[in-house]
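Note: the block below is my_file-v4.txt and it holds compact mmCIF, C-alpha atoms.
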```
# COMPACT_ATOMS: atom_id res chain seq x y z
CA MET A 1 70.70 50.98 143.81
CA ARG A 2 72.79 49.22 141.16
CA LYS A 3 70.44 50.53 138.46
CA ILE A 4 70.91 54.10 139.68
CA THR A 5 74.70 53.69 139.63
CA ILE A 6 74.68 52.30 136.07
CA LEU A 7 72.33 55.06 134.95
CA SER A 8 74.50 57.75 136.56
CA ILE A 9 77.69 56.40 134.97
CA SER A 10 75.92 56.21 131.59
CA PHE A 11 74.87 59.86 131.87
CA ILE A 12 78.40 60.95 132.82
CA VAL A 13 79.94 59.00 129.91
CA LEU A 14 77.34 60.38 127.54
CA GLY A 15 78.03 63.90 128.82
CA ILE A 16 81.79 63.49 128.28
CA LEU A 17 81.26 62.11 124.76
CA LEU A 18 78.94 64.99 123.92
CA PHE A 19 81.46 67.51 125.26
CA VAL A 20 84.31 65.95 123.23
CA TYR A 21 82.14 65.85 120.10
CA ARG A 22 81.15 69.50 120.50
CA MET A 23 84.74 70.55 121.16
CA PHE A 24 85.98 68.65 118.10
CA ASN A 25 83.30 70.20 115.90
CA LYS A 26 83.21 73.66 117.42
CA PRO A 27 82.53 76.30 114.78
CA HIS A 28 84.93 79.00 113.64
CA THR A 29 84.60 82.40 115.29
CA ASP A 30 81.40 84.13 114.22
CA VAL A 31 82.74 87.60 113.48
CA LEU A 32 79.29 89.10 112.87
CA ASN A 33 77.93 88.11 116.28
CA THR A 34 81.06 88.47 118.39
CA LYS A 35 81.90 91.76 120.06
CA ALA A 36 85.12 93.32 118.82
CA THR A 37 87.98 93.50 121.32
CA VAL A 38 89.05 96.90 120.10
CA GLU A 39 88.11 99.58 117.57
CA MET A 40 90.72 101.82 115.95
CA THR A 41 91.73 103.60 112.79
CA ALA A 42 93.72 101.92 110.04
CA ILE A 43 96.59 104.32 110.72
CA GLU A 44 96.65 103.40 114.42
CA LEU A 45 96.58 99.65 113.74
CA PHE A 46 99.28 99.81 111.09
CA THR A 47 101.49 102.02 113.26
CA TYR A 48 101.25 99.54 116.17
CA PHE A 49 102.50 96.72 113.94
CA ASP A 50 105.05 98.80 112.07
CA THR A 51 106.57 100.17 115.29
CA ASN A 52 106.73 96.93 117.26
CA GLU A 53 105.59 93.87 115.35
CA ASP A 54 106.26 91.36 118.15
CA SER A 55 104.29 93.28 120.73
CA ALA A 56 101.44 94.04 118.30
CA THR A 57 101.24 90.37 117.26
CA ILE A 58 100.86 89.31 120.90
CA LYS A 59 98.29 92.03 121.57
CA TYR A 60 96.13 91.98 118.43
CA SER A 61 96.55 88.75 116.45
CA ASP A 62 93.51 86.45 116.70
CA GLN A 63 91.49 89.38 118.09
CA ILE A 64 88.34 90.66 116.45
CA ILE A 65 89.06 94.26 115.51
CA VAL A 66 86.97 97.03 113.99
CA VAL A 67 89.09 99.17 111.68
CA SER A 68 88.04 102.43 110.07
CA GLY A 69 89.79 104.23 107.27
CA VAL A 70 89.81 105.30 103.65
CA LEU A 71 89.41 102.63 100.99
CA HIS A 72 92.51 102.41 98.83
CA SER A 73 91.41 99.69 96.40
CA LYS A 74 89.53 96.45 95.86
CA ASP A 75 91.52 93.33 95.06
CA LEU A 76 89.25 90.71 93.50
CA SER A 77 92.08 88.80 91.82
CA ASN A 78 91.55 85.72 94.00
CA GLU A 79 87.97 84.50 93.73
CA LEU A 80 88.49 82.28 96.79
CA GLU A 81 88.90 85.34 99.01
CA PRO A 82 87.90 88.79 97.75
CA GLN A 83 89.94 91.50 99.44
CA ILE A 84 90.04 95.25 100.00
CA LEU A 85 92.86 97.54 101.03
CA ILE A 86 92.50 100.39 103.50
CA LYS A 87 94.99 103.25 103.40
CA THR A 88 97.40 103.98 106.22
CA ASN A 89 99.92 106.78 106.65
CA GLU A 90 102.51 104.81 104.65
CA ASP A 91 102.53 104.67 100.83
CA ASP A 92 103.43 100.98 100.89
CA GLY A 93 101.48 99.98 103.99
CA PHE A 94 97.85 98.84 104.04
CA ILE A 95 95.22 97.02 106.05
CA ARG A 96 94.31 94.04 103.87
CA CYS A 97 90.84 92.69 104.63
CA GLY A 98 89.85 89.28 103.28
CA PHE A 99 86.18 88.28 102.93
CA LYS A 100 84.48 84.92 102.56
CA PRO A 101 83.54 84.42 98.89
CA LYS A 102 79.81 84.87 99.51
CA PRO A 103 77.74 86.70 96.88
CA GLU A 104 76.40 89.21 99.43
CA TYR A 105 79.93 90.15 100.55
CA LEU A 106 81.02 90.48 96.92
CA ASN A 107 78.04 92.76 96.21
CA ASN A 108 78.95 94.91 99.21
CA ILE A 109 82.56 95.19 98.03
CA ASN A 110 81.53 96.00 94.48
CA SER A 111 79.29 98.81 95.71
CA LEU A 112 82.17 100.52 97.54
CA LYS A 113 83.54 103.68 96.01
CA GLU A 114 87.28 104.29 96.05
CA SER A 115 88.47 106.82 98.63
CA SER A 116 85.27 106.40 100.64
CA THR A 117 85.51 106.06 104.40
CA ILE A 118 84.69 102.54 105.53
CA LYS A 119 84.55 100.45 108.69
CA VAL A 120 85.49 96.76 108.64
CA LYS A 121 85.30 94.10 111.36
CA GLY A 122 87.58 91.09 111.08
CA ILE A 123 90.03 88.73 112.78
CA CYS A 124 93.53 90.20 112.88
CA LYS A 125 96.15 87.74 111.61
CA GLY A 126 99.31 89.85 111.85
CA LEU A 127 101.69 91.81 109.62
CA ASN A 128 102.67 90.30 106.28
CA GLY A 129 105.81 91.48 104.47
CA ASP A 130 109.46 91.25 105.37
CA ASP A 131 112.25 93.85 105.41
CA ASP A 132 114.77 91.09 104.63
CA LEU A 133 112.96 90.22 101.38
CA GLU A 134 113.62 93.15 99.06
CA LEU A 135 110.79 92.29 96.65
CA LEU A 136 108.27 92.14 99.52
CA SER A 137 109.14 95.20 101.55
CA ASP A 138 105.60 96.60 101.32
CA LYS A 139 103.52 95.58 104.32
CA ASP A 140 99.93 94.62 105.07
CA VAL A 141 98.22 94.16 108.40
CA VAL A 142 95.91 91.29 107.55
CA LEU A 143 92.29 90.81 108.65
CA SER A 144 90.37 87.65 107.76
CA SER A 145 86.70 86.65 107.80
CA SER A 146 85.94 90.34 107.43
CA ILE A 147 82.55 91.99 107.24
CA LEU A 148 81.74 95.52 106.16
CA ILE A 149 80.06 97.53 108.89
CA GLU A 150 79.83 100.88 107.12
CA MET B 1 118.61 111.96 62.67
CA LYS B 2 115.00 113.05 63.20
CA LYS B 3 113.79 109.80 61.62
CA THR B 4 116.01 107.74 63.93
CA ILE B 5 114.57 109.48 66.99
CA ILE B 6 111.01 108.91 65.78
CA TYR B 7 111.70 105.22 65.04
CA SER B 8 113.35 104.80 68.46
CA LEU B 9 110.36 106.40 70.17
CA LEU B 10 107.89 104.25 68.24
CA PHE B 11 109.89 101.11 69.06
CA THR B 12 109.98 102.00 72.77
CA ILE B 13 106.22 102.64 72.87
CA ALA B 14 105.45 99.46 70.92
CA THR B 15 107.67 97.40 73.21
CA ALA B 16 106.07 98.84 76.31
CA PHE B 17 102.59 97.89 75.15
CA THR B 18 103.27 94.49 73.65
CA THR B 19 105.55 92.71 76.10
CA HIS B 20 106.18 92.57 79.80
CA SER B 21 109.44 90.75 79.58
CA GLY B 22 111.15 92.78 82.30
CA GLY B 23 110.45 94.10 85.76
CA ILE B 24 108.72 92.64 88.77
CA TYR B 25 105.73 90.29 88.81
CA LYS B 26 103.82 90.32 92.04
CA THR B 27 100.65 89.46 93.98
CA ASN B 28 99.34 89.62 97.53
CA THR B 29 96.60 87.07 96.90
CA GLY B 30 98.51 83.86 96.19
CA ASN B 31 97.28 80.43 97.29
CA ILE B 32 99.19 77.91 99.37
CA ASN B 33 97.60 74.65 100.48
CA PHE B 34 99.08 72.03 102.73
CA TYR B 35 97.87 68.47 102.96
CA SER B 36 98.74 65.80 105.47
CA HIS B 37 97.58 62.26 104.76
CA THR B 38 97.68 59.40 107.24
CA PRO B 39 95.47 56.30 107.53
CA VAL B 40 93.97 57.89 110.64
CA GLU B 41 93.13 61.34 109.29
CA ASP B 42 93.56 63.75 106.38
CA ILE B 43 94.32 67.35 107.29
CA THR B 44 94.28 70.25 104.87
CA ALA B 45 94.47 74.04 105.17
CA ASP B 46 94.56 77.01 102.80
CA ASN B 47 96.03 80.49 102.77
CA HIS B 48 94.75 82.90 100.09
CA LYS B 49 96.77 85.98 101.05
CA VAL B 50 100.28 84.91 100.17
CA LYS B 51 102.57 87.81 99.29
CA THR B 52 105.01 86.86 96.56
CA ALA B 53 107.04 88.42 93.75
CA PHE B 54 109.68 87.49 91.21
CA SER B 55 112.10 89.46 89.13
CA ALA B 56 111.99 88.81 85.40
CA GLU B 57 115.57 90.11 85.15
CA ASN B 58 117.40 87.79 87.52
CA GLY B 59 114.77 85.17 88.49
CA LYS B 60 114.76 86.06 92.17
CA ILE B 61 111.53 84.79 93.74
CA GLN B 62 110.25 85.44 97.25
CA PHE B 63 107.23 84.45 99.36
CA SER B 64 105.87 85.58 102.70
CA CYS B 65 102.75 84.21 104.36
CA LEU B 66 101.17 84.46 107.77
CA ILE B 67 100.88 81.12 109.58
CA LYS B 68 97.74 82.25 111.40
CA ASP B 69 96.08 82.87 108.03
CA PHE B 70 95.92 79.17 107.16
CA GLU B 71 92.30 78.19 107.42
CA PHE B 72 91.23 74.68 108.42
CA LYS B 73 87.83 73.11 108.08
CA LYS B 74 87.75 72.42 111.82
CA ALA B 75 88.32 75.32 114.21
CA LEU B 76 89.88 73.06 116.85
CA MET B 77 92.50 71.80 114.37
CA GLN B 78 93.34 75.40 113.47
CA GLU B 79 93.71 76.25 117.15
CA HIS B 80 96.03 73.29 117.83
CA PHE B 81 98.05 74.00 114.68
CA ASN B 82 98.70 77.60 115.75
CA GLU B 83 99.06 77.23 119.49
CA ASN B 84 100.69 73.83 119.96
CA TYR B 85 102.61 73.00 116.80
CA MET B 86 103.51 76.19 114.92
CA GLU B 87 103.58 78.59 117.90
CA SER B 88 102.44 81.17 115.40
CA THR B 89 102.38 84.12 117.80
CA THR B 90 106.13 83.66 118.34
CA TYR B 91 106.85 82.66 114.72
CA PRO B 92 104.13 84.45 112.72
CA LYS B 93 105.54 84.05 109.19
CA ALA B 94 106.89 81.50 106.77
CA THR B 95 109.18 82.90 104.07
CA PHE B 96 110.91 81.62 100.97
CA ASP B 97 113.85 83.31 99.26
CA GLY B 98 114.97 81.65 96.06
CA THR B 99 115.65 81.73 92.35
CA ILE B 100 113.87 80.54 89.23
CA SER B 101 116.88 78.77 87.71
CA SER B 102 115.82 79.04 84.05
CA ILE B 103 114.19 82.47 84.06
CA SER B 104 115.96 83.29 80.78
CA THR B 105 114.07 80.48 79.01
CA ILE B 106 110.66 81.79 80.12
CA ASP B 107 109.34 84.25 77.54
CA LEU B 108 107.07 86.45 79.63
CA GLY B 109 106.02 88.34 76.51
CA LYS B 110 104.65 85.25 74.77
CA ASP B 111 101.75 83.02 75.80
CA GLY B 112 102.85 79.50 76.66
CA THR B 113 103.74 77.04 79.42
CA TYR B 114 107.28 76.81 80.69
CA THR B 115 108.96 74.79 83.43
CA SER B 116 111.92 75.65 85.59
CA THR B 117 113.59 74.40 88.71
CA VAL B 118 113.09 76.73 91.66
CA VAL B 119 115.71 76.59 94.39
CA GLY B 120 115.83 78.54 97.60
CA LYS B 121 115.63 78.70 101.34
CA LEU B 122 112.40 78.08 103.21
CA THR B 123 112.16 79.49 106.73
CA ILE B 124 109.57 78.22 109.19
CA LYS B 125 109.83 78.71 112.97
CA ASP B 126 113.23 80.37 112.49
CA VAL B 127 114.60 77.18 110.90
CA THR B 128 115.92 77.62 107.36
CA LYS B 129 116.25 74.67 104.98
CA ASP B 130 117.11 74.37 101.29
CA VAL B 131 114.18 73.52 99.05
CA THR B 132 114.23 72.52 95.38
CA THR B 133 111.10 72.04 93.31
CA LEU B 134 109.88 72.17 89.74
CA GLY B 135 107.72 75.19 88.92
CA THR B 136 105.30 75.42 86.00
CA PHE B 137 104.84 78.94 84.65
CA THR B 138 101.91 79.62 82.35
CA VAL B 139 101.95 82.95 80.54
CA LYS B 140 98.62 84.18 79.21
CA ASN B 141 97.73 87.72 78.18
CA GLY B 142 100.57 89.19 80.21
CA LEU B 143 99.60 87.34 83.40
CA VAL B 144 101.79 84.59 84.83
CA ASN B 145 100.37 81.63 86.73
CA ALA B 146 102.91 79.64 88.71
CA LYS B 147 102.30 76.21 90.18
CA ALA B 148 104.58 74.01 92.24
CA THR B 149 104.37 71.25 94.81
CA PHE B 150 106.91 69.87 97.25
CA ASN B 151 106.93 67.88 100.46
CA LEU B 152 108.34 68.84 103.81
CA ASN B 153 108.87 67.08 107.10
CA PRO B 154 107.46 69.12 110.01
CA TYR B 155 110.12 67.71 112.36
CA ASP B 156 112.82 69.40 110.19
CA TYR B 157 111.35 72.76 111.20
CA ASN B 158 111.15 72.12 114.95
CA VAL B 159 107.44 71.42 114.82
CA SER B 160 106.92 69.31 117.90
CA ILE B 161 103.95 66.98 117.73
CA PRO B 162 102.81 65.18 120.88
CA LYS B 163 103.10 61.37 120.70
CA MET B 164 99.36 60.99 121.20
CA VAL B 165 98.47 62.82 117.97
CA ALA B 166 101.59 61.90 115.97
CA PRO B 167 99.82 59.05 114.10
CA LYS B 168 97.35 61.64 112.76
CA ILE B 169 100.02 63.90 111.22
CA SER B 170 102.16 62.85 108.28
CA ASP B 171 105.93 63.36 108.33
CA SER B 172 105.68 64.25 104.64
CA ILE B 173 103.33 67.20 104.25
CA LYS B 174 102.47 68.17 100.69
CA ILE B 175 102.70 71.91 99.96
CA SER B 176 100.87 73.11 96.84
CA ILE B 177 101.41 76.59 95.45
CA ASP B 178 99.13 78.30 92.93
CA ILE B 179 99.90 81.94 92.20
CA ASP B 180 98.61 84.44 89.64
CA TYR B 181 101.25 87.11 89.19
CA THR B 182 100.66 90.47 87.54
CA HIS B 183 103.29 92.76 86.08
CA GLN B 184 104.14 95.65 88.39
CA HIS B 185 106.73 97.81 86.69
```

Would you encode the structure as structure tokens?
Amino acid sequence: MRKITILSISFIVLGILLFVYRMFNKPHTDVLNTKATVEMTAIELFTYFDTNEDSATIKYSDQIIVVSGVLHSKDLSNELEPQILIKTNEDDGFIRCGFKPKPEYLNNINSLKESSTIKVKGICKGLNGDDDLELLSDKDVVLSSSILIE
Amino acid sequence: MKKTIIYSLLFTIATAFTTHSGGIYKTNTGNINFYSHTPVEDITADNHKVKTAFSAENGKIQFSCLIKDFEFKKALMQEHFNENYMESTTYPKATFDGTISSISTIDLGKDGTYTSTVVGKLTIKDVTKDVTTLGTFTVKNGLVNAKATFNLNPYDYNVSIPKMVAPKISDSIKISIDIDYTHQH
């Protein structure tokens, strides 16, 4: 009887330790294999944030979103995170998609043609840019850990 | 008269192509790293999409970065940082509005390394504090790399850290900035 009790307690403790270990080392969100919460156009996403940033931040930040739109440009100036910009309906407003610096992602970005229609899946981080900072009045809705779908 | 006009035109064109001493220098892909060291644990995170610009005319320099865009090695740390400490849905951005004090001594048309004090106001979680640091500006082929480091105390910015994890988080967090600016106009 005593043996069974000790064995049971050992299993419970082991289970708790395993749970804590797995929680502490849980991986980052796997964008490729996680279903997107919502799919929309770049214009729609930008308009949500531009119209009501607070509400859009609550609704969309940290969500996996699929965004479609016309490629404005590639920004490979930071080798730690290659980026692309998707056009919106504003001249100084974009969806900025950051990619992990993996060779296959870089190849995909390099093969994109400007003004082509693309679809990107990524984790929405919010709207960067500030009306109170006159040098930074242009705005980007930022996606991270992005992958190109089309 | 005709000669003067031609010389003026040639001078203007030559100036436009040889120096970028005026205008705005900007990037949306700047790097900011923060590092917390304690005997219990080291914590570090990076943001590679920092929006920043400075004016070569008056030295005004500004930064804006999304708190949620800081990436940690461990997902759980990132989650706690955003949800418990920074409340990044309520306070999504950190901004800096300041001045490069010695902008007139930095020759943006000539390759070289220059230093200047940068002073300004850093806003995190709606708390604004004065910050002064030394910036190093390296000009090479018309591009400007800026580097700076300074330390901040999270408690100064209303970052509340539960007692249980307080020994793991330093009260002097090192902020490192590494930005490659390009000339805009």

What lies within 6 Å of region 55-72 of chain A using only C-alpha atoms, ignoring chain neighbours under 2 positions off, as number ranges by chain? A: 36-42, 48-49, 52-53, 85-87, 114-126

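Nearest to Phe99 (chain A) of all the residues B:Asn158, B:Cys65, B:Gly23, B:His48 is B:His48, based on all atoms listed in the file.
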
10 Å contacts from chain A to chain B using only C-alpha atoms, as a VMD selection string: chain A and resid 23 to 29 53 to 59 61 to 62 75 to 83 96 to 98 123 to 130 132 to 136 138 to 140 142 to 144

May I have the centre and edge lengths, in Å to one decimal, of an axis-aligned box around the listed atoms of region 101-108 of chain A with 4 Å added to every side, as JSON?
```
{"center_x": 80.0, "center_y": 89.7, "center_z": 98.4, "size_x": 15.1, "size_y": 18.5, "size_z": 12.3}
```

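Atom pair CA of Asn141 (chain B) / CA of Gly112 (chain B): separated by 9.8 Å.
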
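Considering the residues B:Thr115, B:Thr149, B:Gln184, B:Ser101 and counting all atoms listed in the file, Tyr35 (chain B) has its shortest atom-to-atom contact with B:Thr149.
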
From CA of Val165 (chain B) to CA of Ile43 (chain B) the spacing works out at 12.3 Å

CA of Asp130 (chain B) and CA of Lys168 (chain B), how far apart in Å? 26.2 Å

Write out as a ChimeraX atom specification the residues lying within 9 Å of Phe150 (chain B), counting all atoms listed in the file and excluding same-chain residues fewer than 4 positions away. /B:131-134,173-177

Would you put the residues from that selection into a file with C-alpha atoms, as a PDB file, in the frame of the given file?
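Below is the file that was written, selection05.pdb:
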```
ATOM      1  CA  VAL B 131     114.180  73.520  99.050  1.00  0.00           C
ATOM      2  CA  THR B 132     114.230  72.520  95.380  1.00  0.00           C
ATOM      3  CA  THR B 133     111.100  72.040  93.310  1.00  0.00           C
ATOM      4  CA  LEU B 134     109.880  72.170  89.740  1.00  0.00           C
ATOM      5  CA  ILE B 173     103.330  67.200 104.250  1.00  0.00           C
ATOM      6  CA  LYS B 174     102.470  68.170 100.690  1.00  0.00           C
ATOM      7  CA  ILE B 175     102.700  71.910  99.960  1.00  0.00           C
ATOM      8  CA  SER B 176     100.870  73.110  96.840  1.00  0.00           C
ATOM      9  CA  ILE B 177     101.410  76.590  95.450  1.00  0.00           C
TER      10      ILE B 177
END
```

List as a short mmCIF file (atom, residue, chain, number, x, y, z; two decimals) with C-alpha atoms, in the coordinates of the input the residues having at least one atom at most 10 Å from position (97.8, 60.5, 112.2) as given in the file, counting all atoms listed in the file.
```
data_model
loop_
_atom_site.label_atom_id
_atom_site.label_comp_id
_atom_site.auth_asym_id
_atom_site.auth_seq_id
_atom_site.Cartn_x
_atom_site.Cartn_y
_atom_site.Cartn_z
CA SER B 36 98.74 65.80 105.47
CA HIS B 37 97.58 62.26 104.76
CA THR B 38 97.68 59.40 107.24
CA PRO B 39 95.47 56.30 107.53
CA VAL B 40 93.97 57.89 110.64
CA GLU B 41 93.13 61.34 109.29
CA ASP B 42 93.56 63.75 106.38
CA ILE B 43 94.32 67.35 107.29
CA MET B 164 99.36 60.99 121.20
CA VAL B 165 98.47 62.82 117.97
CA ALA B 166 101.59 61.90 115.97
CA PRO B 167 99.82 59.05 114.10
CA LYS B 168 97.35 61.64 112.76
CA ILE B 169 100.02 63.90 111.22
CA SER B 170 102.16 62.85 108.28
CA ASP B 171 105.93 63.36 108.33
#
```
